[in-house]
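Reviewing the structure listed below.
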Amino acid sequence: MAEGESLIFMIGFVGIIVSIALSIALAYKAKTMQQLQSTAGGLKKSLDEMDEQAKLIVRTDIELNKTQEELDKKINSLYALQKLSRAISTTLQENRIFSMLNANDLEGLGFEKACGFLWSEKEKCFTLRFHINCTQEEIIAIQNHIASYKDWYMTLIEREKTVSSISLPDVSLNEKIKSIFKALHFIISPILTKELYKGFLAVATENADMSLNEGDEELITILANQIGQALENAHLFEKTWQAQQELEKKVEERTHELTLALDEVKKISKRKTDFISSVSHELRTPLTSIKGYAAILIAEKLGQLPEAVKERLEKINRHSDELVRMVNDLLDIARIESGRAAMKIEPQNLKDIVAAAADLILIQCKNKNISLVTDVQAGLAQVLADRSQIERVFINLLGNAVKFTPSAGKITLKAYARDNNVQVEVSDTGIGIPAESLPMIFDEFYRVDNSVNEQLKGTGLGLSLVKHIVEAHQGKIWTESHLGKGTKFTFTLPKA
Ligand code: ADP
C-alpha cells in the first residue's frame with residue numbers, strides 16, 4: 001500500500017474514532033441535560049409547595065392571633081362577670097342588689113349601657129329597677145317602648161329566651177330596639193326566680209368594633225340568672241328574718257306570760273309555806289301540852305289509873321309523837337322552801353356519815369333479818385354538806401328501805417365519785433314502786449296505795465323533805481324501781 005493511501009486510511013480511521021467519541025459525548029450530554037431539567041422541575045415544585053406552606057403559616061398565625069384576641073376578650077368578660085356576680089351575691093337586701101351592678105364591670109363585659117326591669121303585680125307593668133349610663137330621655141323612650149311591647153317581653157320571660165341584635169329575627173323590632181337604646185348591639189335576657197320575680201336585663205353598646213356573638217349572649221344570660229338568684233336569696237332571707245322576728249316576739253310574749261305566772265306561783269307557794277309554817281307553829285304548842293298532860297297522867301302523878309285508861313293514854317302519847325314528827329317535818333320543808341333554814345355547809349367525809357347512818361338503822365335491819373351492805377369508794381373526795389341535814393336524808397331513805405323490804409332482803413348503800421359530784425345510791429330488794437307512782441313519789445303527802453302503807457303509818461312527807469334538803473345542797477335526786485324487785489334512790493352532792 002502506498003504511503004498516501006495509508007495516510008488517508010489513518011486520517012479516515014481517526015475521523016471515525018473522533019466521530020464515535022463525539023457522538024458518545026453528545027449522547028451523554030443530552031442525558032445530563034435531561035437529568036438537569038427534571039431536577040429543575042422538582043425544585044420548582046418544592047418551591048411552590050414551600051410558598052403554599054408559608055401562606056398557610058401566615059394564615060394560621062392570623063387565625064391564632066384572632067383566637068387569642070377572642071380568648072382575651074372572653075377571659076376579661078368572665079372576670080367582669082365573676083366580679084358582678086360576687087358583688088350582687090354579697091347583699092341580702094333586695095333594693096341593694098341592683099346598685100351593686102356598676103359601669104366598670106359592665107364595660108368589662110363589653111357594654112356601656114344597661115337597665116333592668118321587674119314586673120310589678122300591683123301596677124301591672126314593668127318598672128325600672130336600675131340603669132347604667134342611660135340618659136333621662138333614653139329611659140323615657142325605653143319605658144314607653146316596653147309599655148307598648150309588654151306582651152312581647154312577657155313571652156320572652158315565659159320562654160326564658162335571651163335575644164340580641166344578632167339573634168332577633170324581627171328586623172324592624174331589632175332596629176327599633178337599637179334606635180331606642182341608641183346602640184349598635186344589644187342583648188336582652190330574662191330575670192327569673194322560682195315564683196316571685198319576673199323581669200329582664202338589657203345591655204347595649206355603641207362600640208362599632210364589638211363583634212357580638214353567642215358567647216356574649218351566654219354571659220348576659222348568666223348575669224341575669226345570677227340577679228334572679230340574688231333576688232330570691234334576698235326574699236328568702238327577708239322571709240326568714242320576718243319569721244324569726246315574729247318568733248322572737250312570741251317567745252318574748254310567752255316569756256313575759258311565764259314570768260308573770262311564775263311570780264304568781266311563787267306568791268302562792270310563799271303563802272302556802274307561810275300558812276304551813278304558822279299552822280305548824282300553832283299546832284306545836286297544844287301538842288306539847290297534850291303530850292305533857294298525857295305524860296303526867298301515865299306517870300300516875302295525879303293518882304292511879306285503870307289499865308284501860310293507861311292504854312288509851314299511851315295511844316294518845318304515841319299519836320302525839322307522830323303528830324309532832326309531822327309538824328316538825330312540815331316546818332322543815334317550809335323553812336327550806338322559803339330559804340329560812342340555816343344550813344351549815346362544810347366539807348364532810350361521807351364515809352363517816354354513811355357509817356353513822358348504817359349504825360342507826362342496823363338494829364331495825366337485824367329485827368327484820370335484812371342484810372345491810374355499805375360500799376364507799378376508797379379515797380372518796382369530801383362533799384359540801386350540812387351534816388345533820390344529810391344525816392336526815394340517809395335516815396329517811398334507809399328507813400323507807402327497811403320499811404318496804406320484806407325480811408331476808410338486802411339493802412345496799414353505795415357512794416362513789418361522778419364528775420364534779422359524789423353520787424350516793426340507796427337500793428333495796430323490797431316491794432318496789434309502780435311506774436305510774438314514780439312521778440309523784442317526791443310530792444308532799446304522797447303515799448303509794450299498797451299493803452305496807454295500809455298497815456304502817458306514815459306521813460308522806462319524808463321523801464319531799466329529802467328532795468328539798470338535797471336540792472338545797474345543789475344536788476339532784478331520782479329513783480328507779482321495779483315492782484316486786486326493789487327500789488333504788490340516787491342523789492348527788494357537790495365535791496368539796
Ligand atoms: P312515808 O314513808 O311516810 O309514807 P315518804 O315520803 O317517805 O313517806 O314516802 C312516800 C311513799 O313512797 C311511801 O309511802 C312509799 O309508798 C313510797 N316509798 C318510799 N321509799 C320506798 C321504797 N324504798 N320502796 C318502796 N316504796 C317506797
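Following the order of the C-alpha cells, first chain is A, next is B, and so on, with residues numbered from 1 inside each chain and ligands from 1 in the order they appear.
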**OP:** Enumerate residues in contact with ligand 1: an atom-to-atom distance of at most 9 Å, counting only C-alpha atoms and all ligand atoms. Format the result as a PyMOL selection string.
**Re:** chain A and resi 396-405+426-434+437-438+440-450+452-453+456-466+481+483+486-489
Please write the residues from the selection above to a file, keeping N, CA and C atoms, as a compact mmCIF listing (two decimals), in the first residue's frame.
```txt
# COMPACT_ATOMS: atom_id res chain seq x y z
N ASN A 396 -83.97 8.91 156.38
CA ASN A 396 -85.26 8.76 155.69
C ASN A 396 -85.20 7.67 154.63
N LEU A 397 -84.12 7.71 153.78
CA LEU A 397 -84.04 6.74 152.68
C LEU A 397 -83.84 5.32 153.23
N LEU A 398 -82.95 5.21 154.23
CA LEU A 398 -82.71 3.88 154.79
C LEU A 398 -83.95 3.39 155.54
N GLY A 399 -84.62 4.32 156.25
CA GLY A 399 -85.84 3.95 156.99
C GLY A 399 -86.89 3.39 156.04
N ASN A 400 -87.07 4.09 154.89
CA ASN A 400 -88.04 3.60 153.89
C ASN A 400 -87.62 2.23 153.35
N ALA A 401 -86.30 2.09 153.10
CA ALA A 401 -85.80 0.83 152.53
C ALA A 401 -86.14 -0.33 153.47
N VAL A 402 -85.93 -0.10 154.77
CA VAL A 402 -86.24 -1.16 155.74
C VAL A 402 -87.74 -1.42 155.77
N LYS A 403 -88.49 -0.27 155.75
CA LYS A 403 -89.94 -0.38 155.86
C LYS A 403 -90.56 -1.17 154.69
N PHE A 404 -90.02 -0.94 153.48
CA PHE A 404 -90.66 -1.55 152.30
C PHE A 404 -89.91 -2.79 151.78
N THR A 405 -88.98 -3.32 152.60
CA THR A 405 -88.28 -4.54 152.19
C THR A 405 -88.68 -5.69 153.12
N VAL A 426 -79.04 4.36 147.41
CA VAL A 426 -79.62 3.54 148.48
C VAL A 426 -80.58 2.59 147.76
N SER A 427 -80.20 1.31 147.68
CA SER A 427 -81.08 0.38 146.96
C SER A 427 -81.52 -0.76 147.86
N ASP A 428 -82.71 -1.26 147.53
CA ASP A 428 -83.24 -2.37 148.34
C ASP A 428 -83.85 -3.42 147.43
N THR A 429 -84.15 -4.56 148.03
CA THR A 429 -84.79 -5.63 147.27
C THR A 429 -86.25 -5.76 147.71
N GLY A 430 -86.86 -4.60 147.97
CA GLY A 430 -88.22 -4.56 148.53
C GLY A 430 -89.34 -4.66 147.52
N ILE A 431 -90.52 -4.15 147.93
CA ILE A 431 -91.74 -4.34 147.13
C ILE A 431 -91.77 -3.49 145.86
N GLY A 432 -90.91 -2.48 145.79
CA GLY A 432 -90.87 -1.63 144.59
C GLY A 432 -91.99 -0.62 144.53
N ILE A 433 -91.90 0.26 143.55
CA ILE A 433 -92.91 1.33 143.40
C ILE A 433 -93.51 1.18 142.00
N PRO A 434 -94.84 1.20 141.85
CA PRO A 434 -95.40 1.09 140.50
C PRO A 434 -94.97 2.27 139.62
N SER A 437 -96.64 5.62 139.82
CA SER A 437 -96.49 6.41 141.04
C SER A 437 -95.16 7.17 141.08
N LEU A 438 -94.20 6.72 140.25
CA LEU A 438 -92.86 7.32 140.32
C LEU A 438 -92.84 8.85 140.16
N MET A 440 -94.87 11.00 141.16
CA MET A 440 -95.42 11.73 142.31
C MET A 440 -94.68 11.43 143.61
N ILE A 441 -93.69 10.55 143.52
CA ILE A 441 -93.12 9.99 144.74
C ILE A 441 -92.51 11.05 145.68
N PHE A 442 -92.05 12.18 145.11
CA PHE A 442 -91.45 13.21 145.96
C PHE A 442 -92.46 14.29 146.38
N ASP A 443 -93.74 14.12 145.96
CA ASP A 443 -94.76 15.12 146.32
C ASP A 443 -95.11 15.00 147.81
N GLU A 444 -95.46 16.17 148.39
CA GLU A 444 -95.85 16.16 149.80
C GLU A 444 -97.10 15.31 150.00
N PHE A 445 -97.13 14.53 151.04
CA PHE A 445 -98.25 13.67 151.46
C PHE A 445 -98.56 12.52 150.50
N TYR A 446 -97.71 12.33 149.49
CA TYR A 446 -98.00 11.24 148.55
C TYR A 446 -97.53 9.89 149.12
N ARG A 447 -98.42 8.95 149.13
CA ARG A 447 -98.07 7.60 149.58
C ARG A 447 -98.67 6.62 148.60
N VAL A 448 -97.91 5.55 148.30
CA VAL A 448 -98.43 4.57 147.36
C VAL A 448 -99.47 3.71 148.08
N ASP A 449 -100.50 3.40 147.30
CA ASP A 449 -101.56 2.58 147.87
C ASP A 449 -101.10 1.12 147.86
N ASN A 450 -100.44 0.67 148.94
CA ASN A 450 -100.01 -0.74 148.98
C ASN A 450 -100.22 -1.33 150.38
N VAL A 452 -98.18 -2.47 152.64
CA VAL A 452 -97.31 -1.98 153.73
C VAL A 452 -97.87 -0.68 154.29
N ASN A 453 -98.24 0.24 153.40
CA ASN A 453 -98.77 1.53 153.84
C ASN A 453 -100.11 1.39 154.56
N LEU A 456 -98.69 0.17 158.11
CA LEU A 456 -97.79 1.07 158.83
C LEU A 456 -98.14 2.52 158.57
N LYS A 457 -98.09 3.28 159.63
CA LYS A 457 -98.45 4.71 159.49
C LYS A 457 -97.30 5.46 158.82
N GLY A 458 -97.61 6.53 158.20
CA GLY A 458 -96.58 7.36 157.57
C GLY A 458 -97.21 8.69 157.21
N THR A 459 -96.40 9.65 156.92
CA THR A 459 -96.94 10.99 156.63
C THR A 459 -96.90 11.34 155.15
N GLY A 460 -96.01 10.65 154.42
CA GLY A 460 -95.84 11.02 153.00
C GLY A 460 -95.04 12.32 152.88
N LEU A 461 -94.32 12.65 153.95
CA LEU A 461 -93.53 13.90 153.90
C LEU A 461 -92.03 13.62 153.80
N GLY A 462 -91.61 12.37 154.13
CA GLY A 462 -90.17 12.05 154.20
C GLY A 462 -89.43 12.34 152.90
N LEU A 463 -89.94 11.80 151.78
CA LEU A 463 -89.22 11.98 150.51
C LEU A 463 -89.23 13.43 150.05
N SER A 464 -90.34 14.13 150.35
CA SER A 464 -90.40 15.55 149.98
C SER A 464 -89.31 16.33 150.72
N LEU A 465 -89.18 16.01 152.01
CA LEU A 465 -88.14 16.67 152.81
C LEU A 465 -86.75 16.34 152.26
N VAL A 466 -86.54 15.04 151.94
CA VAL A 466 -85.25 14.59 151.40
C VAL A 466 -84.91 15.38 150.13
N SER A 481 -87.28 2.03 139.96
CA SER A 481 -87.89 0.97 140.75
C SER A 481 -88.55 -0.08 139.86
N LEU A 483 -91.41 -3.02 140.26
CA LEU A 483 -92.40 -3.58 141.19
C LEU A 483 -92.05 -5.02 141.55
N GLY A 486 -87.53 -4.27 143.71
CA GLY A 486 -86.75 -3.37 144.55
C GLY A 486 -86.72 -1.95 144.02
N THR A 487 -86.13 -1.08 144.83
CA THR A 487 -86.09 0.35 144.51
C THR A 487 -84.69 0.88 144.75
N LYS A 488 -84.32 1.86 143.89
CA LYS A 488 -83.00 2.49 144.12
C LYS A 488 -83.19 4.00 144.09
N PHE A 489 -82.78 4.67 145.17
CA PHE A 489 -82.76 6.13 145.20
C PHE A 489 -81.32 6.57 144.99
```
**OP:** Tell me, as a list in words, which residues lie within 8 Å of Glu425 in chain A, counting only C-alpha atoms; anything in the same chain fewer than 3 positions away does not count.
**Re:** Thr412, Leu413, Lys414, Ala415, Lys488, Phe489, Thr490 and Phe491 of chain A
Restricted to all heavy atoms, what would the selected residues look like written as a PDB file, in the first residue's frame?
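Generated output (out07.pdb):
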```pdb
ATOM      1  N   THR A 412     -78.463  -1.965 150.077  1.00  0.00           N
ATOM      2  CA  THR A 412     -77.069  -1.608 149.735  1.00  0.00           C
ATOM      3  C   THR A 412     -76.939  -0.096 149.723  1.00  0.00           C
ATOM      4  O   THR A 412     -77.774   0.603 149.146  1.00  0.00           O
ATOM      5  CB  THR A 412     -76.698  -2.169 148.340  1.00  0.00           C
ATOM      6  OG1 THR A 412     -77.141  -3.516 148.284  1.00  0.00           O
ATOM      7  CG2 THR A 412     -75.210  -2.108 148.088  1.00  0.00           C
ATOM      8  N   LEU A 413     -75.863   0.376 150.320  1.00  0.00           N
ATOM      9  CA  LEU A 413     -75.597   1.814 150.370  1.00  0.00           C
ATOM     10  C   LEU A 413     -74.257   2.051 149.687  1.00  0.00           C
ATOM     11  O   LEU A 413     -73.225   1.552 150.141  1.00  0.00           O
ATOM     12  CB  LEU A 413     -75.506   2.214 151.838  1.00  0.00           C
ATOM     13  CG  LEU A 413     -76.112   3.523 152.268  1.00  0.00           C
ATOM     14  CD1 LEU A 413     -76.116   3.604 153.758  1.00  0.00           C
ATOM     15  CD2 LEU A 413     -75.394   4.675 151.673  1.00  0.00           C
ATOM     16  N   LYS A 414     -74.271   2.776 148.560  1.00  0.00           N
ATOM     17  CA  LYS A 414     -73.026   2.972 147.800  1.00  0.00           C
ATOM     18  C   LYS A 414     -72.732   4.452 147.690  1.00  0.00           C
ATOM     19  O   LYS A 414     -73.661   5.263 147.541  1.00  0.00           O
ATOM     20  CB  LYS A 414     -73.205   2.453 146.375  1.00  0.00           C
ATOM     21  CG  LYS A 414     -72.882   0.992 146.191  1.00  0.00           C
ATOM     22  CD  LYS A 414     -72.865   0.718 144.700  1.00  0.00           C
ATOM     23  CE  LYS A 414     -72.820  -0.772 144.446  1.00  0.00           C
ATOM     24  NZ  LYS A 414     -72.979  -1.056 143.044  1.00  0.00           N
ATOM     25  N   ALA A 415     -71.443   4.806 147.700  1.00  0.00           N
ATOM     26  CA  ALA A 415     -71.062   6.201 147.441  1.00  0.00           C
ATOM     27  C   ALA A 415     -69.810   6.180 146.574  1.00  0.00           C
ATOM     28  O   ALA A 415     -68.863   5.447 146.862  1.00  0.00           O
ATOM     29  CB  ALA A 415     -70.803   6.933 148.749  1.00  0.00           C
ATOM     30  N   LYS A 488     -84.315   1.855 143.894  1.00  0.00           N
ATOM     31  CA  LYS A 488     -83.002   2.492 144.118  1.00  0.00           C
ATOM     32  C   LYS A 488     -83.186   4.000 144.090  1.00  0.00           C
ATOM     33  O   LYS A 488     -83.708   4.552 143.122  1.00  0.00           O
ATOM     34  CB  LYS A 488     -82.032   2.074 143.017  1.00  0.00           C
ATOM     35  CG  LYS A 488     -80.662   2.723 143.169  1.00  0.00           C
ATOM     36  CD  LYS A 488     -79.604   2.006 142.362  1.00  0.00           C
ATOM     37  CE  LYS A 488     -79.546   2.541 140.966  1.00  0.00           C
ATOM     38  NZ  LYS A 488     -78.541   1.884 140.151  1.00  0.00           N
ATOM     39  N   PHE A 489     -82.777   4.667 145.168  1.00  0.00           N
ATOM     40  CA  PHE A 489     -82.762   6.126 145.196  1.00  0.00           C
ATOM     41  C   PHE A 489     -81.319   6.567 144.994  1.00  0.00           C
ATOM     42  O   PHE A 489     -80.406   6.016 145.620  1.00  0.00           O
ATOM     43  CB  PHE A 489     -83.276   6.659 146.547  1.00  0.00           C
ATOM     44  CG  PHE A 489     -84.767   6.590 146.667  1.00  0.00           C
ATOM     45  CD1 PHE A 489     -85.389   5.459 147.199  1.00  0.00           C
ATOM     46  CD2 PHE A 489     -85.556   7.650 146.237  1.00  0.00           C
ATOM     47  CE1 PHE A 489     -86.771   5.395 147.293  1.00  0.00           C
ATOM     48  CE2 PHE A 489     -86.940   7.593 146.344  1.00  0.00           C
ATOM     49  CZ  PHE A 489     -87.551   6.455 146.869  1.00  0.00           C
ATOM     50  N   THR A 490     -81.117   7.542 144.077  1.00  0.00           N
ATOM     51  CA  THR A 490     -79.763   8.045 143.837  1.00  0.00           C
ATOM     52  C   THR A 490     -79.778   9.550 144.047  1.00  0.00           C
ATOM     53  O   THR A 490     -80.695  10.226 143.563  1.00  0.00           O
ATOM     54  CB  THR A 490     -79.312   7.748 142.385  1.00  0.00           C
ATOM     55  OG1 THR A 490     -79.585   6.387 142.115  1.00  0.00           O
ATOM     56  CG2 THR A 490     -77.835   8.030 142.175  1.00  0.00           C
ATOM     57  N   PHE A 491     -78.796  10.068 144.778  1.00  0.00           N
ATOM     58  CA  PHE A 491     -78.701  11.530 144.897  1.00  0.00           C
ATOM     59  C   PHE A 491     -77.249  11.974 144.786  1.00  0.00           C
ATOM     60  O   PHE A 491     -76.315  11.181 144.959  1.00  0.00           O
ATOM     61  CB  PHE A 491     -79.365  12.056 146.181  1.00  0.00           C
ATOM     62  CG  PHE A 491     -78.697  11.649 147.467  1.00  0.00           C
ATOM     63  CD1 PHE A 491     -77.721  12.464 148.042  1.00  0.00           C
ATOM     64  CD2 PHE A 491     -79.057  10.480 148.117  1.00  0.00           C
ATOM     65  CE1 PHE A 491     -77.128  12.113 149.243  1.00  0.00           C
ATOM     66  CE2 PHE A 491     -78.457  10.120 149.318  1.00  0.00           C
ATOM     67  CZ  PHE A 491     -77.487  10.939 149.892  1.00  0.00           C
TER      68      PHE A 491
END
```
Subject >> Nearest to Lys344 in chain A, chosen from A:Glu138, A:Glu307, A:Asp386, A:Glu175, with only C-alpha atoms counted in the distances >> reply: A:Asp386
Subject >> For Gly228 in chain A: contacts at 9 Å, only C-alpha atoms, fewer than 5 positions along chain excluded, given as a VMD selection string >> reply: chain A and resid 190 to 194 197 to 199 223 233
Selection to disk with N, CA and C atoms, as a PDB file, in the first residue's frame:
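Okay, this is what ended up in part-v7.pdb:
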```pdb
ATOM      1  N   PRO A 190     -84.005  37.412  80.236  1.00  0.00           N
ATOM      2  CA  PRO A 190     -84.993  37.408  81.332  1.00  0.00           C
ATOM      3  C   PRO A 190     -84.349  37.220  82.718  1.00  0.00           C
ATOM      4  N   ILE A 191     -84.907  37.926  83.683  1.00  0.00           N
ATOM      5  CA  ILE A 191     -84.523  37.726  85.094  1.00  0.00           C
ATOM      6  C   ILE A 191     -85.641  36.885  85.700  1.00  0.00           C
ATOM      7  N   LEU A 192     -85.278  35.721  86.217  1.00  0.00           N
ATOM      8  CA  LEU A 192     -86.324  34.823  86.714  1.00  0.00           C
ATOM      9  C   LEU A 192     -86.019  34.329  88.113  1.00  0.00           C
ATOM     10  N   THR A 193     -87.069  34.179  88.913  1.00  0.00           N
ATOM     11  CA  THR A 193     -86.924  33.469  90.181  1.00  0.00           C
ATOM     12  C   THR A 193     -88.029  32.433  90.194  1.00  0.00           C
ATOM     13  N   LYS A 194     -87.974  31.542  91.198  1.00  0.00           N
ATOM     14  CA  LYS A 194     -88.920  30.412  91.186  1.00  0.00           C
ATOM     15  C   LYS A 194     -90.369  30.871  91.119  1.00  0.00           C
ATOM     16  N   TYR A 197     -90.276  36.841  91.229  1.00  0.00           N
ATOM     17  CA  TYR A 197     -89.874  37.934  90.341  1.00  0.00           C
ATOM     18  C   TYR A 197     -89.884  37.539  88.883  1.00  0.00           C
ATOM     19  N   LYS A 198     -90.296  38.522  88.053  1.00  0.00           N
ATOM     20  CA  LYS A 198     -90.227  38.372  86.605  1.00  0.00           C
ATOM     21  C   LYS A 198     -89.661  39.688  86.110  1.00  0.00           C
ATOM     22  N   GLY A 199     -88.744  39.627  85.169  1.00  0.00           N
ATOM     23  CA  GLY A 199     -88.204  40.861  84.647  1.00  0.00           C
ATOM     24  C   GLY A 199     -87.156  40.570  83.606  1.00  0.00           C
ATOM     25  N   LEU A 223     -75.538  36.380  83.840  1.00  0.00           N
ATOM     26  CA  LEU A 223     -75.665  37.525  84.755  1.00  0.00           C
ATOM     27  C   LEU A 223     -77.133  37.720  85.176  1.00  0.00           C
ATOM     28  N   ASN A 233     -82.680  34.873  96.942  1.00  0.00           N
ATOM     29  CA  ASN A 233     -81.994  34.733  98.245  1.00  0.00           C
ATOM     30  C   ASN A 233     -82.429  35.850  99.188  1.00  0.00           C
TER      31      ASN A 233
END
```
How close does each residue of range 41-112 of chain A get to range 117-120 of chain A, giving the shortest atom pair and distance in Å to one decimal for every residue with an atom at most 12 Å away, counting only C-alpha atoms, sorted by chain and residue number, as JSON lines?
```
{"residue": "A:Glu94", "atom": "CA", "partner": "A:Leu118", "partner_atom": "CA", "distance": 11.9}
{"residue": "A:Asn95", "atom": "CA", "partner": "A:Leu118", "partner_atom": "CA", "distance": 11.9}
{"residue": "A:Phe98", "atom": "CA", "partner": "A:Phe117", "partner_atom": "CA", "distance": 10.3}
```
